[in-house]
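Asker: Starting off with a structure, shown below.
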Amino acid sequence: MIAKRDATKIFKRFEGNPVIKVDDYPGVAQIYNPSPVKLGDETVVLISVVEHGATKGYGRDVGQTRVARSRDGIHFEIGDEDFISTQAEGMPWELYHHFIDNRITKIGDTYYIITPVMVHDFDSPVGMLGKTKDFKTYERIDIITAPKNRGASLFPEKINGLYYKLDRPGGGDGSNGDIWISSSPDMLHWGSFKPLLKAGYRYWNTQKIGPTPPIKTEKGWLDIIHGVATTAGGTYYSLGAMLLDLNEPWKIIGKTNSYILKPELENELHGNSDNTVFACGAIADYENDQIKLYYGGCDQCINLATGSLSELVEACILGL
């Protein structure tokens, strides 16, 4: 039985970490912020990459998304081509760039992807919705958030006839960020915005907090969240979780008081972005009561940790 209010022991890191590391890919400067899903027998992870000197005319390094595939969830092959794009058709699409930090949600037989993209010379980022069925082809749909919104995440099914998404307004310029929730009849037109969870409810998320695509459980919608805190020793990115009501997802029915993962290993403490563990989603294995968490370490590698799905849900309930 886990200790009340302490979720720090639920996840165990894979002994063979990292499962993907930047040193294995010549020409790549950064690998980070994975979003994982199951596609048949494969584990597919969208990873963010930055190549050396990838300025592309915007005066800064520009991130792209690559597809990583694995049969065992440990050994991955990464595609050479960029996966996310705007399929540019003149203005304003040619201004969109920096396709990173994707959030994937499977609805029916389609994988919907929200990508927080930057817009050259405009207030940004904004959430760009796209879709795929095989992670070989990508179809842009439309921009579905106003700026700034970094980390919008779809629920995997309609609730009372409406689509829902978690939003993370702010954060594009280093400002604080909180989690909101919104709804839509068609996945394109969004309204009924409600504040959900404010940064600073605990010490590990005093500055920012952000969502990932929710996972349905018997007791509620489980959501992995990241938290940012700046201390005397520097800025730290950690991970936690919250639980939302199944029928009224704007109601929080649980959240972890403690983090579930914090930077501890060398590749989580030192790299391109020190003191960082960051996830854009997780995979639930209901049959084995397991949740698989792929997370970025310091913008230089992808690590894996696994834990009990039911224990994490219970930690959220006990932590409220």
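Going through the structure tokens in order, the chains are called A, B, and so on, while each chain numbers its residues from 1 and the ligands are numbered from 1 in the order shown.
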Within 10 Å of Ala146 (chain A), counting only C-alpha atoms, which residues qualify if same-chain residues fewer than 4 places away don't, as a PyMOL selection string?
Answerer: chain A and resi 123-127+169
Asker: Generate the output file for the selected residues, N, CA, C and O atoms, as a PDB file, in the first residue's frame.
Answerer:
```pdb
ATOM      1  N   ASP A 123       1.966  36.632 -31.903  1.00  0.00           N
ATOM      2  CA  ASP A 123       1.802  36.073 -30.565  1.00  0.00           C
ATOM      3  C   ASP A 123       1.526  34.581 -30.697  1.00  0.00           C
ATOM      4  O   ASP A 123       0.654  34.168 -31.464  1.00  0.00           O
ATOM      5  N   SER A 124       2.240  33.740 -29.994  1.00  0.00           N
ATOM      6  CA  SER A 124       2.116  32.298 -30.152  1.00  0.00           C
ATOM      7  C   SER A 124       2.751  31.635 -28.929  1.00  0.00           C
ATOM      8  O   SER A 124       3.339  32.311 -28.103  1.00  0.00           O
ATOM      9  N   PRO A 125       2.600  30.331 -28.739  1.00  0.00           N
ATOM     10  CA  PRO A 125       2.152  29.321 -29.695  1.00  0.00           C
ATOM     11  C   PRO A 125       0.631  29.171 -29.733  1.00  0.00           C
ATOM     12  O   PRO A 125      -0.090  29.661 -28.865  1.00  0.00           O
ATOM     13  N   VAL A 126       0.192  28.440 -30.777  1.00  0.00           N
ATOM     14  CA  VAL A 126      -1.206  28.057 -30.911  1.00  0.00           C
ATOM     15  C   VAL A 126      -1.275  26.552 -31.144  1.00  0.00           C
ATOM     16  O   VAL A 126      -0.304  25.923 -31.547  1.00  0.00           O
ATOM     17  N   GLY A 127      -2.437  25.959 -30.877  1.00  0.00           N
ATOM     18  CA  GLY A 127      -2.604  24.516 -31.036  1.00  0.00           C
ATOM     19  C   GLY A 127      -3.090  24.154 -32.424  1.00  0.00           C
ATOM     20  O   GLY A 127      -4.191  24.559 -32.836  1.00  0.00           O
ATOM     21  N   PRO A 169      -3.166  27.684 -21.338  1.00  0.00           N
ATOM     22  CA  PRO A 169      -2.888  29.048 -21.768  1.00  0.00           C
ATOM     23  C   PRO A 169      -1.595  29.556 -21.147  1.00  0.00           C
ATOM     24  O   PRO A 169      -1.222  29.159 -20.037  1.00  0.00           O
TER      25      PRO A 169
END
```
Asker: Which of region 77-289 of chain A end up as strand (DSSP E) when DSSP is run on this backbone - answer as a count of residues only?
Answerer: 89
Asker: Region 139-145 of chain A: which residues within 12 Å, counting only C-alpha atoms, same-chain residues fewer than 6 positions away excluded, as a VMD selection string?
Answerer: chain A and resid 83 to 89 92 to 93 96 110 to 119 124 to 133 151 to 154 165 to 170 180 to 184 186 to 191 193
Asker: Please identify all polymer residues within 9 Å of Ile159 (chain A), counting only C-alpha atoms, omitting same-chain residues fewer than 5 positions from it, and present them as a ChimeraX atom specification.
Answerer: /A:164,246-249
Asker: When you draw a straight line from CA of Gly210 (chain A) to CA of Pro18 (chain A), how long is it in Å?
Answerer: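 Calculated distance between CA of Gly210 (chain A) and CA of Pro18 (chain A) is 23.7 Å.
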Asker: List as an MDAnalysis selection string the protein and nucleic acid residues near Thr217 (chain A), meaning an atom at most 12 Å away when only C-alpha atoms are counted, but skip any in the same chain fewer than 4 places from it.
Answerer: chainID A and resid 156 221:223 243:246 284:286 289:291 309:314
